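Data first, discussion second: the structure below is written as structure tokens.
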Amino acid sequence: MKTIHFIGAGPGDPELLTVKGRRLIDEADIIIYAGSLVNPQVLSGARQEAQIYDSARMTLQEVVEVMRAGVQAGKQVVRVHTGDPSVFGAHREQMAELDKLGIPYDVVPGVSSFLAAAASLKREYTLPGVSQTVILTRMEGRTPVPELEEIGSLAAHQATMILFLSVSQIGILCQRLRQGGYPADTPAAVVYKASWEDEQIVAGTLEDLAEKVEKAGIRRTALVTVGRFLGDRFERSKLYDAAFTHGYREGKVPDTVPGKTGGA
């Protein structure tokens with residue numbers, strides 16, 4: 001029996017698809033892809049005779065039925081998700097159905113949009129002395145979130161926060177983040193379609209970001225990033241500190257000690 005491959009299609013730029021993901025897509029007999037979010041160019045190498053299904057118009061049961069029928073017919077099936085399927089990918093429920101049917105599957109990880117957003121922003125989410133924690137979350141909407149993960153509670157940590165599926169509520173979001181603990185001057189930025197050709201970045205603070213985003217007309221397909229990592233003040237890493245010893249390098253004592261001159 002053929003193995004179904006769940007593939008993270010990357011954030012948008014077709015060149016950010018992994019080599020393995022590209023090969024499996026190009027070899028597939030049946031491709032089911034998340035058409036509302038996956039860049040169609042990701043499928044550009046698909047075989048001419050491949051059957052391609054857009055899951056944006058399908059239910060879970062319909063997706064699983066295409067998988068089941070394909071595998072039983074001896075076809076190679078791939079399920080193409082946006083970014084990395086492990087982050088808001090909704091692939092676990094599909095796996096559960098395949099388990100019931102005894103159909104084998106594996107997962108090919110991809111580049112998540114939150115990683116592409118950091119690249120576009122030219123920033124590092126974890127900076128010494130600024131933040132060593134990254135929270136990936138979303139606001140409640142038509143789909144609720146667990147009570148203990150309410151935005152205000154998470155904001156109390158003032159960690160780096162990346163919010164998926166929340167830009168449509170940007171005004172309420174910024175208000176909740178401030179009420180939860182982030183100061184009004186906390187840097188924040190929205191990255192629309194990170195790595196796509198029509199990518200757009202809107203930067204500001206929690207005080208003015210909502211107004212800027214609404215003016216830009218961004219309502220979907222964007223990440224909201226929040227935290228001091230967006231600023232320019234941080235400590236240097238110990239990793240490359242000449243006086244810091246680790247398994248690959250002995251620490252070097254500086255030639256001069258600040259504040260001391262002359263003898264011992």
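Chain identifiers are assigned as A, B, and so on, following the order in which chains appear in the structure tokens; residues are numbered from 1 within each chain, and ligands are numbered from 1 in order of appearance.
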
If we count only C-alpha atoms, what is near segment 54-65 of chain A at a cut-off of 10 Å, once residues fewer than 5 positions away on the same chain are taken out, given as a ChimeraX atom specification?
/A:31-38,70-71,79-81,90-91,93-95,97-98,101

Let me see the file: selected residues, N, CA and C atoms, as a PDB file, in the first residue's frame.
ATOM      1  N   ILE A  31      -2.836  15.056  -6.176  1.00  0.00           N
ATOM      2  CA  ILE A  31      -2.405  16.154  -5.315  1.00  0.00           C
ATOM      3  C   ILE A  31      -3.638  16.832  -4.740  1.00  0.00           C
ATOM      4  N   ILE A  32      -3.694  16.917  -3.421  1.00  0.00           N
ATOM      5  CA  ILE A  32      -4.753  17.671  -2.743  1.00  0.00           C
ATOM      6  C   ILE A  32      -4.063  18.838  -2.050  1.00  0.00           C
ATOM      7  N   TYR A  33      -4.398  20.056  -2.447  1.00  0.00           N
ATOM      8  CA  TYR A  33      -3.690  21.200  -1.880  1.00  0.00           C
ATOM      9  C   TYR A  33      -4.667  22.234  -1.334  1.00  0.00           C
ATOM     10  N   ALA A  34      -4.198  22.991  -0.348  1.00  0.00           N
ATOM     11  CA  ALA A  34      -5.018  24.032   0.282  1.00  0.00           C
ATOM     12  C   ALA A  34      -5.002  25.265  -0.608  1.00  0.00           C
ATOM     13  N   GLY A  35      -5.916  25.305  -1.561  1.00  0.00           N
ATOM     14  CA  GLY A  35      -5.890  26.324  -2.600  1.00  0.00           C
ATOM     15  C   GLY A  35      -6.070  27.753  -2.136  1.00  0.00           C
ATOM     16  N   SER A  36      -6.685  27.952  -0.972  1.00  0.00           N
ATOM     17  CA  SER A  36      -6.907  29.318  -0.504  1.00  0.00           C
ATOM     18  C   SER A  36      -5.639  29.952   0.051  1.00  0.00           C
ATOM     19  N   LEU A  37      -4.603  29.137   0.320  1.00  0.00           N
ATOM     20  CA  LEU A  37      -3.404  29.650   0.963  1.00  0.00           C
ATOM     21  C   LEU A  37      -2.109  29.257   0.266  1.00  0.00           C
ATOM     22  N   VAL A  38      -2.087  28.126  -0.401  1.00  0.00           N
ATOM     23  CA  VAL A  38      -0.864  27.639  -1.045  1.00  0.00           C
ATOM     24  C   VAL A  38      -0.678  28.325  -2.394  1.00  0.00           C
ATOM     25  N   GLY A  70      -7.572   6.871  -3.860  1.00  0.00           N
ATOM     26  CA  GLY A  70      -6.296   6.929  -4.557  1.00  0.00           C
ATOM     27  C   GLY A  70      -5.354   5.828  -4.130  1.00  0.00           C
ATOM     28  N   VAL A  71      -5.226   5.640  -2.837  1.00  0.00           N
ATOM     29  CA  VAL A  71      -4.339   4.601  -2.313  1.00  0.00           C
ATOM     30  C   VAL A  71      -4.809   3.212  -2.745  1.00  0.00           C
ATOM     31  N   ARG A  79      -0.664  15.352   0.104  1.00  0.00           N
ATOM     32  CA  ARG A  79      -1.553  16.365   0.683  1.00  0.00           C
ATOM     33  C   ARG A  79      -0.713  17.588   0.987  1.00  0.00           C
ATOM     34  N   VAL A  80      -0.926  18.663   0.238  1.00  0.00           N
ATOM     35  CA  VAL A  80      -0.069  19.842   0.327  1.00  0.00           C
ATOM     36  C   VAL A  80      -0.717  20.903   1.207  1.00  0.00           C
ATOM     37  N   HIS A  81      -0.044  21.195   2.320  1.00  0.00           N
ATOM     38  CA  HIS A  81      -0.532  22.208   3.255  1.00  0.00           C
ATOM     39  C   HIS A  81       0.310  23.467   3.155  1.00  0.00           C
ATOM     40  N   ALA A  90      -4.162  21.852  10.556  1.00  0.00           N
ATOM     41  CA  ALA A  90      -5.367  21.017  10.543  1.00  0.00           C
ATOM     42  C   ALA A  90      -5.121  19.669   9.868  1.00  0.00           C
ATOM     43  N   HIS A  91      -3.919  19.126  10.053  1.00  0.00           N
ATOM     44  CA  HIS A  91      -3.658  17.828   9.442  1.00  0.00           C
ATOM     45  C   HIS A  91      -3.799  16.667  10.427  1.00  0.00           C
ATOM     46  N   GLU A  93      -6.359  15.866  12.240  1.00  0.00           N
ATOM     47  CA  GLU A  93      -7.663  15.221  12.101  1.00  0.00           C
ATOM     48  C   GLU A  93      -7.698  14.307  10.872  1.00  0.00           C
ATOM     49  N   GLN A  94      -6.945  14.684   9.839  1.00  0.00           N
ATOM     50  CA  GLN A  94      -6.855  13.827   8.658  1.00  0.00           C
ATOM     51  C   GLN A  94      -6.087  12.548   8.978  1.00  0.00           C
ATOM     52  N   MET A  95      -5.028  12.687   9.765  1.00  0.00           N
ATOM     53  CA  MET A  95      -4.246  11.526  10.172  1.00  0.00           C
ATOM     54  C   MET A  95      -5.092  10.553  10.988  1.00  0.00           C
ATOM     55  N   GLU A  97      -8.249  10.021  10.751  1.00  0.00           N
ATOM     56  CA  GLU A  97      -9.131   9.282   9.847  1.00  0.00           C
ATOM     57  C   GLU A  97      -8.364   8.219   9.073  1.00  0.00           C
ATOM     58  N   LEU A  98      -7.139   8.540   8.670  1.00  0.00           N
ATOM     59  CA  LEU A  98      -6.319   7.559   7.962  1.00  0.00           C
ATOM     60  C   LEU A  98      -5.932   6.402   8.869  1.00  0.00           C
ATOM     61  N   LEU A 101      -8.586   3.905   8.887  1.00  0.00           N
ATOM     62  CA  LEU A 101      -8.647   3.142   7.641  1.00  0.00           C
ATOM     63  C   LEU A 101      -7.414   2.263   7.429  1.00  0.00           C
TER      64      LEU A 101
END

May I have the residues within 6 Å of segment 10-21 of chain A as a PDB file with N, CA, C and O atoms, in the first residue's frame, using only C-alpha atoms and disregarding those fewer than 6 positions away in the same chain?
ATOM      1  N   ASN A  39       0.516  28.835  -2.634  1.00  0.00           N
ATOM      2  CA  ASN A  39       0.838  29.456  -3.909  1.00  0.00           C
ATOM      3  C   ASN A  39       0.751  28.397  -5.017  1.00  0.00           C
ATOM      4  O   ASN A  39       1.445  27.380  -4.957  1.00  0.00           O
ATOM      5  N   VAL A  42       3.711  26.403  -6.482  1.00  0.00           N
ATOM      6  CA  VAL A  42       4.301  25.246  -5.805  1.00  0.00           C
ATOM      7  C   VAL A  42       4.022  23.968  -6.588  1.00  0.00           C
ATOM      8  O   VAL A  42       4.793  23.010  -6.538  1.00  0.00           O
ATOM      9  N   GLY A  83       2.695  26.513   4.498  1.00  0.00           N
ATOM     10  CA  GLY A  83       3.757  26.645   5.491  1.00  0.00           C
ATOM     11  C   GLY A  83       4.250  25.309   5.978  1.00  0.00           C
ATOM     12  O   GLY A  83       4.670  24.462   5.203  1.00  0.00           O
ATOM     13  N   GLY A 110       7.846  21.766   6.529  1.00  0.00           N
ATOM     14  CA  GLY A 110       8.091  22.886   5.630  1.00  0.00           C
ATOM     15  C   GLY A 110       8.505  24.131   6.388  1.00  0.00           C
ATOM     16  O   GLY A 110       8.619  24.129   7.612  1.00  0.00           O
ATOM     17  N   VAL A 111       8.726  25.208   5.670  1.00  0.00           N
ATOM     18  CA  VAL A 111       9.081  26.496   6.261  1.00  0.00           C
ATOM     19  C   VAL A 111       7.784  27.220   6.619  1.00  0.00           C
ATOM     20  O   VAL A 111       6.984  27.541   5.749  1.00  0.00           O
ATOM     21  N   SER A 112       7.579  27.482   7.899  1.00  0.00           N
ATOM     22  CA  SER A 112       6.354  28.157   8.333  1.00  0.00           C
ATOM     23  C   SER A 112       6.386  29.639   7.976  1.00  0.00           C
ATOM     24  O   SER A 112       7.444  30.259   7.868  1.00  0.00           O
ATOM     25  N   SER A 113       5.212  30.207   7.836  1.00  0.00           N
ATOM     26  CA  SER A 113       5.113  31.634   7.526  1.00  0.00           C
ATOM     27  C   SER A 113       5.695  32.501   8.640  1.00  0.00           C
ATOM     28  O   SER A 113       6.157  33.614   8.379  1.00  0.00           O
ATOM     29  N   SER A 195       6.972  36.369   1.977  1.00  0.00           N
ATOM     30  CA  SER A 195       7.752  35.717   0.917  1.00  0.00           C
ATOM     31  C   SER A 195       7.047  35.676  -0.436  1.00  0.00           C
ATOM     32  O   SER A 195       7.635  35.238  -1.431  1.00  0.00           O
ATOM     33  N   TRP A 196       5.770  36.119  -0.514  1.00  0.00           N
ATOM     34  CA  TRP A 196       5.082  36.187  -1.806  1.00  0.00           C
ATOM     35  C   TRP A 196       5.572  37.423  -2.561  1.00  0.00           C
ATOM     36  O   TRP A 196       6.137  38.350  -1.974  1.00  0.00           O
TER      37      TRP A 196
END

Excluding Gly180 of chain A and its own-chain neighbours fewer than 4 positions away, which residues fall within 9 Å of it when counting only C-alpha atoms? Please give them as a JSON list (two decimals) with N, CA and C atoms, in the first residue's frame.
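The resulting file, around28.json, is reproduced below:
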[["chain", "number", "residue", "atom", "x", "y", "z"],
["A", 151, "ILE", "N", -5.64, 35.81, 25.09],
["A", 151, "ILE", "CA", -4.58, 36.73, 24.69],
["A", 151, "ILE", "C", -4.06, 37.57, 25.86],
["A", 152, "GLY", "N", -4.95, 38.07, 26.70],
["A", 152, "GLY", "CA", -4.52, 38.88, 27.82],
["A", 152, "GLY", "C", -3.61, 38.14, 28.78],
["A", 153, "SER", "N", -3.88, 36.86, 28.99],
["A", 153, "SER", "CA", -3.05, 36.05, 29.88],
["A", 153, "SER", "C", -1.65, 35.86, 29.29],
["A", 154, "LEU", "N", -1.59, 35.59, 28.00],
["A", 154, "LEU", "CA", -0.30, 35.39, 27.35],
["A", 154, "LEU", "C", 0.50, 36.69, 27.29],
["A", 155, "ALA", "N", -0.20, 37.80, 27.15],
["A", 155, "ALA", "CA", 0.48, 39.10, 27.05],
["A", 155, "ALA", "C", 1.24, 39.46, 28.31],
["A", 156, "ALA", "N", 0.82, 38.90, 29.44],
["A", 156, "ALA", "CA", 1.46, 39.23, 30.71],
["A", 156, "ALA", "C", 2.95, 38.88, 30.70],
["A", 157, "HIS", "N", 3.36, 37.93, 29.87],
["A", 157, "HIS", "CA", 4.76, 37.52, 29.81],
["A", 157, "HIS", "C", 5.62, 38.53, 29.04],
["A", 158, "GLN", "N", 5.01, 39.34, 28.21],
["A", 158, "GLN", "CA", 5.72, 40.29, 27.34],
["A", 158, "GLN", "C", 6.80, 39.60, 26.52],
["A", 175, "GLN", "N", -5.70, 46.16, 21.59],
["A", 175, "GLN", "CA", -6.27, 46.58, 22.87],
["A", 175, "GLN", "C", -6.08, 45.50, 23.93],
["A", 176, "ARG", "N", -6.35, 44.25, 23.56],
["A", 176, "ARG", "CA", -6.20, 43.13, 24.51],
["A", 176, "ARG", "C", -4.74, 42.95, 24.92]]

Using only C-alpha atoms, find the one residue out of A:Thr221, A:Ser44, A:Thr126, A:Thr137 that sits nearest to Ile162 of chain A.
A:Thr137

If you count only C-alpha atoms, which residues fall within 12 Å of Gly171 of chain A, apart from same-chain ones fewer than 5 positions away, as a PyMOL selection string?
chain A and resi 139+166+176-178+206-215+219+224

Could you take the residues named above and write them with N, CA and C atoms, as a PDB file, in the first residue's frame?
ATOM      1  N   MET A 139      -6.045  34.805  18.112  1.00  0.00           N
ATOM      2  CA  MET A 139      -7.204  35.272  18.858  1.00  0.00           C
ATOM      3  C   MET A 139      -8.371  34.337  18.616  1.00  0.00           C
ATOM      4  N   SER A 166      -5.448  36.406  12.937  1.00  0.00           N
ATOM      5  CA  SER A 166      -5.958  37.407  13.872  1.00  0.00           C
ATOM      6  C   SER A 166      -5.988  38.821  13.314  1.00  0.00           C
ATOM      7  N   ARG A 176      -6.350  44.253  23.564  1.00  0.00           N
ATOM      8  CA  ARG A 176      -6.199  43.131  24.506  1.00  0.00           C
ATOM      9  C   ARG A 176      -4.737  42.945  24.925  1.00  0.00           C
ATOM     10  N   LEU A 177      -3.836  43.103  23.976  1.00  0.00           N
ATOM     11  CA  LEU A 177      -2.417  42.942  24.284  1.00  0.00           C
ATOM     12  C   LEU A 177      -1.954  44.002  25.272  1.00  0.00           C
ATOM     13  N   ARG A 178      -2.430  45.228  25.109  1.00  0.00           N
ATOM     14  CA  ARG A 178      -2.071  46.295  26.028  1.00  0.00           C
ATOM     15  C   ARG A 178      -2.698  46.072  27.399  1.00  0.00           C
ATOM     16  N   LEU A 206       1.932  49.065  19.429  1.00  0.00           N
ATOM     17  CA  LEU A 206       0.576  48.630  19.789  1.00  0.00           C
ATOM     18  C   LEU A 206      -0.390  49.803  19.887  1.00  0.00           C
ATOM     19  N   GLU A 207       0.161  50.993  19.926  1.00  0.00           N
ATOM     20  CA  GLU A 207      -0.695  52.178  20.010  1.00  0.00           C
ATOM     21  C   GLU A 207      -1.239  52.590  18.645  1.00  0.00           C
ATOM     22  N   ASP A 208      -0.443  52.394  17.594  1.00  0.00           N
ATOM     23  CA  ASP A 208      -0.873  52.895  16.285  1.00  0.00           C
ATOM     24  C   ASP A 208      -0.958  51.836  15.187  1.00  0.00           C
ATOM     25  N   LEU A 209      -0.605  50.580  15.496  1.00  0.00           N
ATOM     26  CA  LEU A 209      -0.570  49.552  14.456  1.00  0.00           C
ATOM     27  C   LEU A 209      -1.940  49.314  13.831  1.00  0.00           C
ATOM     28  N   ALA A 210      -2.977  49.242  14.649  1.00  0.00           N
ATOM     29  CA  ALA A 210      -4.313  48.940  14.134  1.00  0.00           C
ATOM     30  C   ALA A 210      -4.734  49.960  13.081  1.00  0.00           C
ATOM     31  N   GLU A 211      -4.499  51.221  13.348  1.00  0.00           N
ATOM     32  CA  GLU A 211      -4.871  52.274  12.399  1.00  0.00           C
ATOM     33  C   GLU A 211      -4.109  52.114  11.086  1.00  0.00           C
ATOM     34  N   LYS A 212      -2.824  51.805  11.189  1.00  0.00           N
ATOM     35  CA  LYS A 212      -1.998  51.655   9.991  1.00  0.00           C
ATOM     36  C   LYS A 212      -2.433  50.450   9.162  1.00  0.00           C
ATOM     37  N   VAL A 213      -2.755  49.358   9.838  1.00  0.00           N
ATOM     38  CA  VAL A 213      -3.154  48.136   9.129  1.00  0.00           C
ATOM     39  C   VAL A 213      -4.501  48.330   8.456  1.00  0.00           C
ATOM     40  N   GLU A 214      -5.422  48.969   9.142  1.00  0.00           N
ATOM     41  CA  GLU A 214      -6.735  49.220   8.553  1.00  0.00           C
ATOM     42  C   GLU A 214      -6.611  50.158   7.347  1.00  0.00           C
ATOM     43  N   LYS A 215      -5.720  51.129   7.437  1.00  0.00           N
ATOM     44  CA  LYS A 215      -5.496  52.047   6.320  1.00  0.00           C
ATOM     45  C   LYS A 215      -4.913  51.299   5.119  1.00  0.00           C
ATOM     46  N   ARG A 219      -6.669  42.443   5.656  1.00  0.00           N
ATOM     47  CA  ARG A 219      -7.714  41.782   6.440  1.00  0.00           C
ATOM     48  C   ARG A 219      -7.486  40.283   6.607  1.00  0.00           C
ATOM     49  N   VAL A 224       0.649  38.818  12.706  1.00  0.00           N
ATOM     50  CA  VAL A 224       0.905  39.958  13.576  1.00  0.00           C
ATOM     51  C   VAL A 224       2.063  39.577  14.491  1.00  0.00           C
TER      52      VAL A 224
END

What are the DSSP alpha helix (DSSP H) residues of segment 48-169 of chain A, as a VMD selection string?
chain A and resid 60 to 72 92 to 101 113 to 121 151 to 155

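Proximity to Arg123 of chain A was assessed for A:Met1, A:Leu230, A:Leu148, A:Leu43 counting only C-alpha atoms; the smallest distance is recorded for A:Leu230.
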
Atom CA of Phe229 of chain A and atom CA of Lys193 of chain A are how many Å apart?
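These two atoms are separated by 20.5 Å.
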
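Proximity ranking of A:Phe88, A:Tyr182, A:Phe114, A:Tyr125 relative to Leu223 of chain A places A:Phe114 first, based on only C-alpha atoms.
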
Coordinates-based distance that separates atom CA of Ile4 of chain A from atom CA of Val108 of chain A (Å, one decimal)
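Separating atom CA of Val108 of chain A from atom CA of Ile4 of chain A is a distance of 10.6 Å.
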
Counting only C-alpha atoms, figure out which residue out of A:Val134, A:Val145, A:Ala203, A:Ile30 gets nearest to Glu49 of chain A.
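Of A:Val134, A:Val145, A:Ala203, A:Ile30, the one nearest Glu49 of chain A is A:Ile30, counting only C-alpha atoms.
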
Selected residue, from A:Gln169, A:Gln48, A:Gln76, A:Gln200, that lies nearest to Thr3 of chain A when counting only C-alpha atoms:
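Answer, going by the shortest atom-to-atom distance: A:Gln76.
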
List every residue of segment 16-237 of chain A that DSSP, applied to the backbone, labels as strand (DSSP E or B), and write the result as a ChimeraX atom specification.
/A:30-33,51-54,77-81,83,105-108,127,131,134-138,160-164,187-192,200-205,222-226
